[in-house]
Amino acid sequence: MINIVSNQSKSKSSLHFTEQLDIDVLIAGAGPTGSTLAADLLRRGLRVRIVDKSPHAFKGSRAKGVQPRTQEIFEDLGILGEAHKEGGPYPLAGLHFGPITVPWRMQSQNKKTPDIPYPNILLLPQHRTDAILHRLLERQGLNIKFDTAVEGFEQDADGVTVTLSSGEQVRSKYLVGADGGSSTVRKVAGIRFVGETDDSDRMLIIDGTIDELSRNRWHMWPRTHGKSVGACPLPHSNQFQVMIKLSPDETPDLDESALAAYFHKLTGFRLYNITWKSVFRPNVRLAEHYRVGRVFLAGDAAHVHTPAGGQGLNTGVQDAYNLGWKLGQVIAGTSDSLLESYEAERQPIAARVLGKSSELYSGLKKHRLSGLKRGDEERQLGITYHGGPLAPDAAATKTLHVGDRAPDAPCIGPDGARRLFDIYQGPHFTLLAFGANAAQALPKLTWPTAGAELCSYIVGEEGRIDVNCINDSTGKLARIYGITSDTLILVRPDGYIGNIITTNWLAAFENMTKTITPM
(Lines give C-alpha, C1' and ligand atoms only; values in the text may rest on other atoms or scores of the structure.)
Protein backbone atom coordinates (compact mmCIF):
# COMPACT_ATOMS: atom_id res chain seq x y z
CA MET A 1 0.00 0.00 0.00
CA ILE A 2 1.26 3.50 -0.86
CA ASN A 3 0.27 6.32 1.45
CA ILE A 4 1.14 9.98 1.72
CA VAL A 5 2.82 10.74 5.06
CA SER A 6 4.43 13.82 6.51
CA ASN A 7 7.44 14.43 8.70
CA GLN A 8 5.92 16.31 11.60
CA SER A 9 9.18 18.07 12.36
CA LYS A 10 9.30 19.65 8.89
CA SER A 11 7.07 21.91 6.85
CA LYS A 12 4.06 20.67 4.94
CA SER A 13 6.02 21.08 1.74
CA SER A 14 8.15 18.07 2.73
CA LEU A 15 5.31 15.60 2.04
CA HIS A 16 6.54 12.58 0.11
CA PHE A 17 5.54 9.05 -0.75
CA THR A 18 6.77 6.11 1.25
CA GLU A 19 5.78 2.52 1.58
CA GLN A 20 3.89 1.85 4.78
CA LEU A 21 5.48 -1.04 6.64
CA ASP A 22 3.51 -3.62 8.57
CA ILE A 23 5.72 -5.15 11.24
CA ASP A 24 5.32 -6.72 14.65
CA VAL A 25 7.75 -4.67 16.74
CA LEU A 26 9.66 -1.44 16.16
CA ILE A 27 12.59 -0.98 18.55
CA ALA A 28 14.09 2.45 19.21
CA GLY A 29 17.71 2.08 20.30
CA ALA A 30 20.36 -0.37 19.10
CA GLY A 31 22.41 -0.61 22.28
CA PRO A 32 22.69 -3.87 24.25
CA THR A 33 19.04 -3.75 25.40
CA GLY A 34 17.44 -3.05 22.03
CA SER A 35 19.76 -5.41 20.18
CA THR A 36 19.10 -8.26 22.63
CA LEU A 37 15.36 -7.77 22.24
CA ALA A 38 15.61 -7.69 18.44
CA ALA A 39 17.67 -10.91 18.39
CA ASP A 40 15.20 -12.70 20.66
CA LEU A 41 12.16 -11.58 18.64
CA LEU A 42 13.78 -12.56 15.35
CA ARG A 43 14.39 -16.12 16.49
CA ARG A 44 10.68 -16.27 17.28
CA GLY A 45 9.91 -15.52 13.64
CA LEU A 46 8.61 -11.99 14.25
CA ARG A 47 8.91 -9.04 11.90
CA VAL A 48 11.22 -6.51 13.54
CA ARG A 49 12.81 -3.16 12.75
CA ILE A 50 15.40 -1.38 14.88
CA VAL A 51 16.41 2.27 14.57
CA ASP A 52 18.96 4.35 16.44
CA LYS A 53 19.30 8.13 16.59
CA SER A 54 23.11 7.97 16.68
CA PRO A 55 24.97 8.23 13.36
CA HIS A 56 26.84 4.99 14.06
CA ALA A 57 27.36 2.26 16.64
CA PHE A 58 28.68 3.34 20.04
CA LYS A 59 32.49 3.56 20.13
CA GLY A 60 33.36 3.78 23.81
CA SER A 61 34.04 1.33 26.65
CA ARG A 62 31.44 2.84 29.04
CA ALA A 63 29.52 -0.13 30.57
CA LYS A 64 32.24 -2.77 30.62
CA GLY A 65 31.04 -5.49 33.02
CA VAL A 66 28.96 -8.46 31.84
CA GLN A 67 27.53 -10.22 34.88
CA PRO A 68 27.11 -14.02 35.17
CA ARG A 69 23.34 -13.95 34.55
CA THR A 70 23.83 -11.90 31.38
CA GLN A 71 26.48 -14.35 30.21
CA GLU A 72 23.86 -17.08 30.49
CA ILE A 73 21.56 -15.02 28.26
CA PHE A 74 24.35 -14.54 25.75
CA GLU A 75 24.92 -18.29 25.73
CA ASP A 76 21.24 -18.84 24.97
CA LEU A 77 21.55 -16.39 22.05
CA GLY A 78 24.66 -18.21 20.81
CA ILE A 79 27.15 -15.36 21.28
CA LEU A 80 28.86 -16.15 24.59
CA GLY A 81 31.87 -17.68 22.87
CA GLU A 82 32.49 -14.39 21.06
CA ALA A 83 32.05 -12.44 24.28
CA HIS A 84 34.57 -14.61 26.15
CA LYS A 85 37.02 -14.39 23.26
CA GLU A 86 36.85 -10.59 23.18
CA GLY A 87 36.64 -10.07 26.94
CA GLY A 88 38.62 -11.16 29.95
CA PRO A 89 38.63 -11.41 33.76
CA TYR A 90 38.71 -8.35 35.98
CA PRO A 91 42.24 -7.74 37.30
CA LEU A 92 43.18 -7.06 40.88
CA ALA A 93 42.94 -3.43 41.91
CA GLY A 94 46.19 -1.58 42.42
CA LEU A 95 45.78 1.22 44.97
CA HIS A 96 48.41 3.95 44.54
CA PHE A 97 49.46 5.79 47.69
CA GLY A 98 52.41 7.94 46.70
CA PRO A 99 55.24 5.60 45.65
CA ILE A 100 53.48 2.55 47.09
CA THR A 101 51.00 0.39 45.14
CA VAL A 102 48.84 -1.96 47.21
CA PRO A 103 47.12 -4.91 45.45
CA TRP A 104 43.50 -5.42 46.47
CA ARG A 105 40.74 -7.72 45.24
CA MET A 106 37.48 -5.92 44.50
CA GLN A 107 35.48 -9.12 44.13
CA SER A 108 35.97 -12.73 45.03
CA GLN A 109 36.81 -15.15 42.25
CA ASN A 110 34.16 -17.84 42.37
CA LYS A 111 34.69 -21.36 41.13
CA LYS A 112 32.54 -22.88 38.44
CA THR A 113 29.93 -25.30 39.81
CA PRO A 114 27.49 -27.69 38.11
CA ASP A 115 24.62 -25.21 38.60
CA ILE A 116 26.57 -21.99 37.90
CA PRO A 117 28.76 -22.35 34.80
CA TYR A 118 29.84 -18.68 34.61
CA PRO A 119 30.43 -17.51 38.19
CA ASN A 120 32.42 -14.31 37.57
CA ILE A 121 31.91 -10.97 35.88
CA LEU A 122 33.38 -10.59 32.39
CA LEU A 123 35.36 -7.47 31.47
CA LEU A 124 34.08 -6.52 28.01
CA PRO A 125 34.01 -2.91 26.71
CA GLN A 126 30.53 -1.86 25.65
CA HIS A 127 31.47 -1.17 22.05
CA ARG A 128 32.49 -4.83 21.73
CA THR A 129 29.25 -6.01 23.35
CA ASP A 130 27.34 -3.88 20.86
CA ALA A 131 29.39 -5.19 17.95
CA ILE A 132 28.82 -8.84 18.95
CA LEU A 133 25.06 -8.28 19.16
CA HIS A 134 25.03 -6.34 15.89
CA ARG A 135 26.83 -9.16 14.10
CA LEU A 136 24.18 -11.53 15.45
CA LEU A 137 21.44 -9.32 14.02
CA GLU A 138 23.21 -9.26 10.67
CA ARG A 139 23.34 -13.07 10.66
CA GLN A 140 19.61 -13.04 11.38
CA GLY A 141 19.06 -10.78 8.38
CA LEU A 142 18.31 -7.51 10.18
CA ASN A 143 20.03 -4.20 9.41
CA ILE A 144 20.08 -1.42 12.00
CA LYS A 145 18.94 1.95 10.68
CA PHE A 146 21.31 4.46 12.27
CA ASP A 147 20.86 8.24 12.19
CA THR A 148 17.14 7.63 12.51
CA ALA A 149 15.18 8.76 15.57
CA VAL A 150 11.62 8.30 16.73
CA GLU A 151 10.03 11.76 16.62
CA GLY A 152 6.51 10.86 17.66
CA PHE A 153 3.84 8.20 17.61
CA GLU A 154 0.15 7.58 17.93
CA GLN A 155 -1.40 4.34 19.06
CA ASP A 156 -4.81 2.77 18.73
CA ALA A 157 -6.41 -0.57 19.53
CA ASP A 158 -4.57 -2.35 16.73
CA GLY A 159 -1.09 -0.86 16.67
CA VAL A 160 1.28 2.09 16.82
CA THR A 161 2.02 4.55 14.01
CA VAL A 162 5.52 5.91 14.50
CA THR A 163 6.97 8.95 12.76
CA LEU A 164 10.73 8.73 12.19
CA SER A 165 13.17 11.61 11.70
CA SER A 166 13.52 10.52 8.05
CA GLY A 167 9.87 11.39 7.51
CA GLU A 168 8.87 7.76 7.21
CA GLN A 169 5.86 6.47 9.10
CA VAL A 170 6.03 2.91 10.38
CA ARG A 171 3.02 0.92 11.45
CA SER A 172 3.79 -1.75 14.06
CA LYS A 173 1.91 -3.82 16.58
CA TYR A 174 4.21 -2.69 19.38
CA LEU A 175 6.85 -0.02 19.98
CA VAL A 176 9.70 -0.55 22.45
CA GLY A 177 11.77 2.39 23.65
CA ALA A 178 15.30 1.24 24.40
CA ASP A 179 16.58 4.69 23.50
CA GLY A 180 18.50 5.59 26.64
CA GLY A 181 18.09 7.84 29.65
CA SER A 182 16.83 10.76 27.54
CA SER A 183 14.32 8.46 25.82
CA THR A 184 12.04 10.19 23.32
CA VAL A 185 9.66 7.23 23.51
CA ARG A 186 9.29 7.68 27.26
CA LYS A 187 8.73 11.43 26.94
CA VAL A 188 6.14 11.14 24.16
CA ALA A 189 4.37 8.41 26.12
CA GLY A 190 4.12 10.83 29.06
CA ILE A 191 5.80 8.46 31.54
CA ARG A 192 7.42 10.19 34.52
CA PHE A 193 11.12 9.45 35.18
CA VAL A 194 11.26 9.66 38.94
CA GLY A 195 14.54 10.34 40.74
CA GLU A 196 17.35 12.85 40.79
CA THR A 197 20.29 14.13 38.80
CA ASP A 198 23.10 15.87 40.68
CA ASP A 199 24.69 18.15 38.08
CA SER A 200 27.58 18.86 40.44
CA ASP A 201 28.51 15.17 40.59
CA ARG A 202 30.35 14.39 37.36
CA MET A 203 33.00 12.02 36.12
CA LEU A 204 35.33 12.24 33.14
CA ILE A 205 35.67 8.95 31.26
CA ILE A 206 38.38 8.44 28.64
CA ASP A 207 39.51 5.53 26.47
CA GLY A 208 43.19 5.79 25.64
CA THR A 209 46.70 4.32 25.83
CA ILE A 210 48.96 4.91 28.85
CA ASP A 211 52.73 4.58 28.66
CA GLU A 212 54.54 2.31 31.14
CA LEU A 213 51.50 1.46 33.25
CA SER A 214 51.17 -2.25 34.01
CA ARG A 215 48.14 -4.00 32.54
CA ASN A 216 47.67 -6.56 35.32
CA ARG A 217 45.98 -4.10 37.68
CA TRP A 218 42.94 -1.83 37.75
CA HIS A 219 44.95 1.18 38.90
CA MET A 220 43.36 3.57 41.38
CA TRP A 221 44.66 6.80 42.84
CA PRO A 222 42.15 7.41 45.67
CA ARG A 223 43.49 10.84 46.52
CA THR A 224 45.85 12.55 44.15
CA HIS A 225 45.82 16.35 43.96
CA GLY A 226 42.41 16.23 45.60
CA LYS A 227 41.05 13.86 42.96
CA SER A 228 40.14 10.21 42.65
CA VAL A 229 41.43 8.61 39.45
CA GLY A 230 41.15 5.11 38.01
CA ALA A 231 42.59 3.33 34.97
CA CYS A 232 41.22 -0.09 34.04
CA PRO A 233 43.06 -2.09 31.33
CA LEU A 234 40.70 -3.15 28.53
CA PRO A 235 41.33 -6.74 27.36
CA HIS A 236 43.02 -7.62 24.07
CA SER A 237 44.11 -4.04 23.46
CA ASN A 238 46.61 -1.47 24.65
CA GLN A 239 43.84 0.75 25.97
CA PHE A 240 42.67 1.72 29.43
CA GLN A 241 39.36 3.14 30.55
CA VAL A 242 40.29 6.20 32.61
CA MET A 243 37.86 7.67 35.15
CA ILE A 244 38.50 11.02 36.85
CA LYS A 245 36.14 12.46 39.46
CA LEU A 246 35.51 16.13 38.67
CA SER A 247 35.08 18.93 41.19
CA PRO A 248 31.59 20.48 41.36
CA ASP A 249 32.70 23.72 39.66
CA GLU A 250 35.17 22.14 37.23
CA THR A 251 34.76 22.47 33.45
CA PRO A 252 37.18 20.02 31.82
CA ASP A 253 38.94 20.82 28.56
CA LEU A 254 38.18 17.81 26.31
CA ASP A 255 40.96 18.56 23.83
CA GLU A 256 43.24 15.50 23.62
CA SER A 257 46.42 17.37 24.56
CA ALA A 258 44.66 19.02 27.50
CA LEU A 259 43.36 15.67 28.75
CA ALA A 260 46.83 14.16 28.42
CA ALA A 261 48.37 17.01 30.41
CA TYR A 262 45.64 16.72 33.06
CA PHE A 263 46.18 12.96 33.48
CA HIS A 264 49.96 13.41 33.66
CA LYS A 265 49.57 16.03 36.38
CA LEU A 266 47.38 13.68 38.43
CA THR A 267 49.29 10.42 37.98
CA GLY A 268 52.67 11.10 36.37
CA PHE A 269 51.83 8.85 33.41
CA ARG A 270 51.44 9.77 29.73
CA LEU A 271 48.00 9.32 28.16
CA TYR A 272 47.66 9.34 24.36
CA ASN A 273 45.72 7.91 21.40
CA ILE A 274 42.39 8.88 22.94
CA THR A 275 39.54 7.23 21.04
CA TRP A 276 36.55 8.23 23.18
CA LYS A 277 35.77 10.67 25.97
CA SER A 278 32.66 11.66 27.87
CA VAL A 279 31.53 13.61 30.91
CA PHE A 280 29.22 11.35 32.89
CA ARG A 281 26.58 12.43 35.43
CA PRO A 282 25.29 9.58 37.62
CA ASN A 283 21.52 9.87 37.30
CA VAL A 284 19.38 7.78 39.63
CA ARG A 285 15.93 7.50 38.06
CA LEU A 286 13.17 4.94 37.56
CA ALA A 287 10.26 5.11 35.13
CA GLU A 288 6.91 5.29 36.88
CA HIS A 289 5.57 2.76 34.38
CA TYR A 290 7.16 0.40 31.86
CA ARG A 291 4.10 0.27 29.62
CA VAL A 292 1.46 2.52 28.14
CA GLY A 293 -0.82 0.50 25.87
CA ARG A 294 1.29 -0.90 23.04
CA VAL A 295 4.39 1.07 24.02
CA PHE A 296 7.07 -0.36 26.32
CA LEU A 297 10.29 0.89 27.90
CA ALA A 298 13.44 -1.16 28.51
CA GLY A 299 17.01 -0.55 29.65
CA ASP A 300 18.16 2.99 30.41
CA ALA A 301 14.87 4.37 29.07
CA ALA A 302 13.24 2.74 32.10
CA HIS A 303 15.99 3.03 34.72
CA VAL A 304 19.35 4.74 35.06
CA HIS A 305 21.95 3.97 37.71
CA THR A 306 25.28 5.07 39.05
CA PRO A 307 28.18 3.12 37.47
CA ALA A 308 28.96 1.35 40.75
CA GLY A 309 28.22 -2.36 40.74
CA GLY A 310 28.27 -2.77 36.96
CA GLN A 311 24.56 -3.58 36.66
CA GLY A 312 22.97 -0.99 34.33
CA LEU A 313 23.72 -2.71 31.02
CA ASN A 314 22.97 -6.10 32.54
CA THR A 315 19.60 -5.05 33.92
CA GLY A 316 18.66 -3.70 30.48
CA VAL A 317 19.64 -6.92 28.70
CA GLN A 318 17.55 -8.87 31.20
CA ASP A 319 14.60 -6.50 30.62
CA ALA A 320 14.76 -7.44 26.95
CA TYR A 321 15.03 -11.15 27.73
CA ASN A 322 11.92 -10.93 29.92
CA LEU A 323 9.89 -8.91 27.41
CA GLY A 324 10.84 -10.81 24.26
CA TRP A 325 9.08 -14.10 24.90
CA LYS A 326 6.00 -12.35 26.25
CA LEU A 327 5.64 -10.21 23.12
CA GLY A 328 6.07 -13.34 21.03
CA GLN A 329 3.36 -15.19 22.92
CA VAL A 330 0.85 -12.34 22.81
CA ILE A 331 1.41 -11.74 19.10
CA ALA A 332 0.73 -15.48 18.64
CA GLY A 333 -2.61 -15.15 20.45
CA THR A 334 -1.96 -15.28 24.21
CA SER A 335 -4.02 -12.93 26.39
CA ASP A 336 -2.66 -9.38 26.53
CA SER A 337 -2.59 -9.72 30.32
CA LEU A 338 0.73 -11.57 29.97
CA LEU A 339 2.36 -8.27 28.99
CA GLU A 340 1.26 -6.73 32.29
CA SER A 341 3.71 -9.08 34.02
CA TYR A 342 6.68 -7.34 32.34
CA GLU A 343 6.51 -4.23 34.54
CA ALA A 344 5.41 -6.24 37.56
CA GLU A 345 8.47 -8.50 37.30
CA ARG A 346 11.13 -6.10 36.09
CA GLN A 347 10.43 -2.78 37.84
CA PRO A 348 11.13 -4.15 41.36
CA ILE A 349 14.43 -5.57 40.10
CA ALA A 350 15.49 -2.16 38.75
CA ALA A 351 14.44 -0.48 42.00
CA ARG A 352 16.65 -2.84 43.97
CA VAL A 353 19.57 -2.31 41.58
CA LEU A 354 19.16 1.46 41.94
CA GLY A 355 19.37 1.15 45.70
CA LYS A 356 22.41 -1.13 45.65
CA SER A 357 24.36 0.88 43.08
CA SER A 358 23.62 4.11 44.95
CA GLU A 359 24.86 2.52 48.18
CA LEU A 360 28.12 1.46 46.53
CA TYR A 361 28.55 4.83 44.83
CA SER A 362 28.03 6.65 48.11
CA GLY A 363 30.90 4.64 49.56
CA LEU A 364 33.12 5.57 46.61
CA LYS A 365 32.36 9.27 47.07
CA LYS A 366 33.49 8.93 50.69
CA HIS A 367 36.69 7.11 49.61
CA ARG A 368 35.64 3.89 51.35
CA LEU A 369 37.10 0.64 50.06
CA SER A 370 33.72 -0.94 50.79
CA GLY A 371 32.40 1.01 47.83
CA LEU A 372 34.67 -1.03 45.58
CA LYS A 373 33.60 -4.42 46.92
CA ARG A 374 31.42 -6.62 44.73
CA GLY A 375 29.49 -9.65 45.93
CA ASP A 376 26.83 -12.18 45.00
CA GLU A 377 24.04 -9.64 44.53
CA GLU A 378 25.87 -7.96 41.64
CA ARG A 379 26.12 -11.30 39.82
CA GLN A 380 22.30 -11.22 39.46
CA LEU A 381 21.95 -15.00 39.72
CA GLY A 382 19.64 -14.68 42.70
CA ILE A 383 17.04 -12.59 40.90
CA THR A 384 13.62 -14.18 41.37
CA TYR A 385 10.09 -13.43 40.21
CA HIS A 386 8.64 -15.49 43.06
CA GLY A 387 5.49 -13.87 44.38
CA GLY A 388 4.87 -12.02 41.11
CA PRO A 389 1.88 -12.38 38.78
CA LEU A 390 3.33 -15.43 37.01
CA ALA A 391 4.58 -17.09 40.21
CA PRO A 392 1.92 -16.38 42.84
CA ASP A 393 1.68 -19.75 44.56
CA ALA A 394 3.91 -21.44 47.10
CA ALA A 395 4.88 -24.38 44.90
CA ALA A 396 8.47 -25.36 45.59
CA THR A 397 11.00 -28.17 45.63
CA LYS A 398 13.63 -28.61 48.30
CA THR A 399 15.83 -25.98 46.59
CA LEU A 400 13.65 -23.97 44.18
CA HIS A 401 10.50 -21.84 44.14
CA VAL A 402 8.35 -20.94 41.16
CA GLY A 403 9.92 -17.76 39.73
CA ASP A 404 13.53 -18.66 40.59
CA ARG A 405 16.30 -18.93 38.03
CA ALA A 406 16.42 -22.44 36.55
CA PRO A 407 19.97 -23.61 37.36
CA ASP A 408 22.27 -25.54 35.08
CA ALA A 409 23.06 -29.18 35.83
CA PRO A 410 25.02 -32.02 34.21
CA CYS A 411 23.04 -34.60 32.26
CA ILE A 412 23.10 -36.63 29.07
CA GLY A 413 20.42 -35.64 26.61
CA PRO A 414 19.53 -35.83 22.92
CA ASP A 415 21.72 -34.33 20.18
CA GLY A 416 24.86 -34.48 22.33
CA ALA A 417 23.51 -32.35 25.17
CA ARG A 418 25.72 -32.59 28.25
CA ARG A 419 24.00 -30.07 30.52
CA LEU A 420 20.57 -28.59 31.08
CA PHE A 421 21.54 -25.28 29.49
CA ASP A 422 22.04 -27.20 26.23
CA ILE A 423 18.45 -28.42 26.60
CA TYR A 424 17.10 -24.95 27.44
CA GLN A 425 18.89 -23.11 24.62
CA GLY A 426 16.36 -21.66 22.20
CA PRO A 427 13.05 -19.76 22.26
CA HIS A 428 10.98 -22.65 23.63
CA PHE A 429 9.48 -23.68 26.97
CA THR A 430 10.94 -26.80 28.60
CA LEU A 431 9.04 -29.35 30.70
CA LEU A 432 10.98 -31.79 32.90
CA ALA A 433 9.22 -34.86 34.29
CA PHE A 434 10.77 -36.49 37.37
CA GLY A 435 9.34 -39.84 38.45
CA ALA A 436 7.05 -42.45 36.90
CA ASN A 437 3.76 -40.70 37.64
CA ALA A 438 4.94 -37.40 36.17
CA ALA A 439 6.31 -39.22 33.12
CA GLN A 440 2.97 -40.97 32.57
CA ALA A 441 1.19 -37.63 32.62
CA LEU A 442 3.24 -36.16 29.76
CA PRO A 443 1.27 -37.71 26.84
CA LYS A 444 -1.99 -36.41 28.32
CA LEU A 445 -0.85 -32.77 28.51
CA THR A 446 -1.91 -30.45 25.70
CA TRP A 447 0.04 -27.49 24.33
CA PRO A 448 -1.07 -25.14 21.53
CA THR A 449 0.67 -25.21 18.16
CA ALA A 450 0.84 -21.40 18.04
CA GLY A 451 3.50 -19.49 19.92
CA ALA A 452 6.61 -20.92 21.55
CA GLU A 453 7.09 -24.68 21.34
CA LEU A 454 7.07 -26.94 24.42
CA CYS A 455 9.97 -29.42 24.63
CA SER A 456 9.19 -32.18 27.15
CA TYR A 457 11.67 -34.64 28.69
CA ILE A 458 11.56 -37.55 31.10
CA VAL A 459 14.43 -37.35 33.57
CA GLY A 460 15.74 -40.70 34.80
CA GLU A 461 18.87 -42.25 36.25
CA GLU A 462 18.96 -45.02 33.69
CA GLY A 463 17.46 -45.89 30.32
CA ARG A 464 17.91 -45.00 26.71
CA ILE A 465 18.56 -41.45 25.57
CA ASP A 466 16.29 -40.22 22.82
CA VAL A 467 14.38 -37.08 21.95
CA ASN A 468 12.18 -37.46 25.03
CA CYS A 469 14.70 -38.57 27.67
CA ILE A 470 17.44 -37.05 29.82
CA ASN A 471 19.86 -39.26 31.73
CA ASP A 472 20.70 -38.07 35.24
CA SER A 473 23.00 -40.98 36.08
CA THR A 474 25.01 -38.90 38.58
CA GLY A 475 21.89 -37.71 40.39
CA LYS A 476 23.24 -34.14 40.40
CA LEU A 477 20.37 -32.78 38.34
CA ALA A 478 17.76 -34.08 40.78
CA ARG A 479 19.79 -32.79 43.76
CA ILE A 480 20.28 -29.33 42.27
CA TYR A 481 16.57 -29.10 41.50
CA GLY A 482 15.66 -30.41 44.95
CA ILE A 483 13.47 -33.26 43.70
CA THR A 484 12.03 -35.41 46.51
CA SER A 485 8.91 -36.77 44.79
CA ASP A 486 7.30 -37.11 41.37
CA THR A 487 7.40 -33.60 39.91
CA LEU A 488 6.79 -31.64 36.72
CA ILE A 489 8.93 -28.51 36.32
CA LEU A 490 8.17 -25.98 33.59
CA VAL A 491 11.02 -23.68 32.56
CA ARG A 492 10.13 -20.42 30.83
CA PRO A 493 11.95 -19.30 27.66
CA ASP A 494 13.89 -16.75 29.74
CA GLY A 495 15.27 -19.46 32.02
CA TYR A 496 13.06 -19.04 35.09
CA ILE A 497 10.87 -21.66 36.75
CA GLY A 498 7.35 -21.22 35.37
CA ASN A 499 5.66 -23.89 37.47
CA ILE A 500 6.26 -26.79 39.83
CA ILE A 501 3.54 -29.47 39.83
CA THR A 502 3.55 -32.40 42.22
CA THR A 503 -0.11 -33.50 42.05
CA ASN A 504 -3.28 -33.09 39.96
CA TRP A 505 -1.07 -33.01 36.88
CA LEU A 506 -3.64 -32.31 34.20
CA ALA A 507 -5.70 -29.68 36.03
CA ALA A 508 -2.64 -27.84 37.35
CA PHE A 509 -0.95 -27.84 33.95
CA GLU A 510 -4.08 -26.64 32.15
CA ASN A 511 -4.65 -23.86 34.67
CA MET A 512 -1.06 -22.67 34.34
CA THR A 513 -1.06 -22.60 30.53
CA LYS A 514 -4.05 -20.23 30.38
CA THR A 515 -1.87 -17.23 31.24
CA ILE A 516 1.16 -17.96 29.04
CA THR A 517 -0.08 -19.67 25.86
CA PRO A 518 -2.42 -18.73 22.99
CA MET A 519 -6.08 -19.54 23.51
# chains A, B, ... in the order shown; residues from 1 in each chain; ligands from 1

$ closest_atom_pairs --of "range 257-287 of chain A" --to "range 188-203 of chain A" --cutoff "10 Å" --atoms "only C-alpha atoms" --output "Markdown table"
| residue | atom | partner | partner_atom | distance |
| --- | --- | --- | --- | --- |
| A:Ser278 | CA | A:Met203 | CA | 8.3 |
| A:Val279 | CA | A:Met203 | CA | 5.6 |
| A:Phe280 | CA | A:Met203 | CA | 5.0 |
| A:Arg281 | CA | A:Arg202 | CA | 4.7 |
| A:Pro282 | CA | A:Thr197 | CA | 6.9 |
| A:Asn283 | CA | A:Thr197 | CA | 4.7 |
| A:Val284 | CA | A:Glu196 | CA | 5.6 |
| A:Arg285 | CA | A:Gly195 | CA | 4.1 |
| A:Leu286 | CA | A:Val194 | CA | 5.3 |
| A:Ala287 | CA | A:Phe193 | CA | 4.4 |

$ residues_around --residues "range 337-348 of chain A" --least-positions-apart "2" --cutoff "8 Å" --atoms "only C-alpha atoms" --output "number ranges by chain"
A: 289-291, 319, 322-323, 326-327, 330, 334-335, 350-352, 385, 388-390, 515-516

$ closest_residue --among "A:Pro103, A:Gly78, A:Gly29, A:Pro235" --to "Pro55 in chain A" --atoms "only C-alpha atoms"
A:Gly29

$ closest_atom_pairs --of "range 241-276 of chain A" --to "range 222-225 of chain A" --cutoff "12 Å" --atoms "only C-alpha atoms" --output "JSON lines"
{"residue": "A:Met243", "atom": "CA", "partner": "A:Pro222", "partner_atom": "CA", "distance": 11.4}
{"residue": "A:Ile244", "atom": "CA", "partner": "A:Pro222", "partner_atom": "CA", "distance": 10.2}
{"residue": "A:Lys245", "atom": "CA", "partner": "A:Pro222", "partner_atom": "CA", "distance": 10.0}
{"residue": "A:Leu246", "atom": "CA", "partner": "A:His225", "partner_atom": "CA", "distance": 11.6}
{"residue": "A:Ser247", "atom": "CA", "partner": "A:His225", "partner_atom": "CA", "distance": 11.4}
{"residue": "A:Tyr262", "atom": "CA", "partner": "A:His225", "partner_atom": "CA", "distance": 10.9}
{"residue": "A:Phe263", "atom": "CA", "partner": "A:Thr224", "partner_atom": "CA", "distance": 10.7}
{"residue": "A:His264", "atom": "CA", "partner": "A:Thr224", "partner_atom": "CA", "distance": 11.3}
{"residue": "A:Lys265", "atom": "CA", "partner": "A:His225", "partner_atom": "CA", "distance": 8.5}
{"residue": "A:Leu266", "atom": "CA", "partner": "A:Thr224", "partner_atom": "CA", "distance": 6.0}
{"residue": "A:Thr267", "atom": "CA", "partner": "A:Thr224", "partner_atom": "CA", "distance": 7.4}
{"residue": "A:Gly268", "atom": "CA", "partner": "A:Thr224", "partner_atom": "CA", "distance": 10.5}

$ atom_distance --atom1 "CA of Arg405 in chain A" --atom2 "CA of Leu432 in chain A"
14.8 Å

$ select_by_dssp --residues "range 371-499 of chain A" --states "strand (DSSP E)" --output "JSON, numbers by chain"
{"A": [429, 430, 431, 432, 433, 434, 454, 455, 456, 457, 458, 459, 460, 469, 470, 471, 487, 488, 489, 490, 491, 497, 498, 499]}
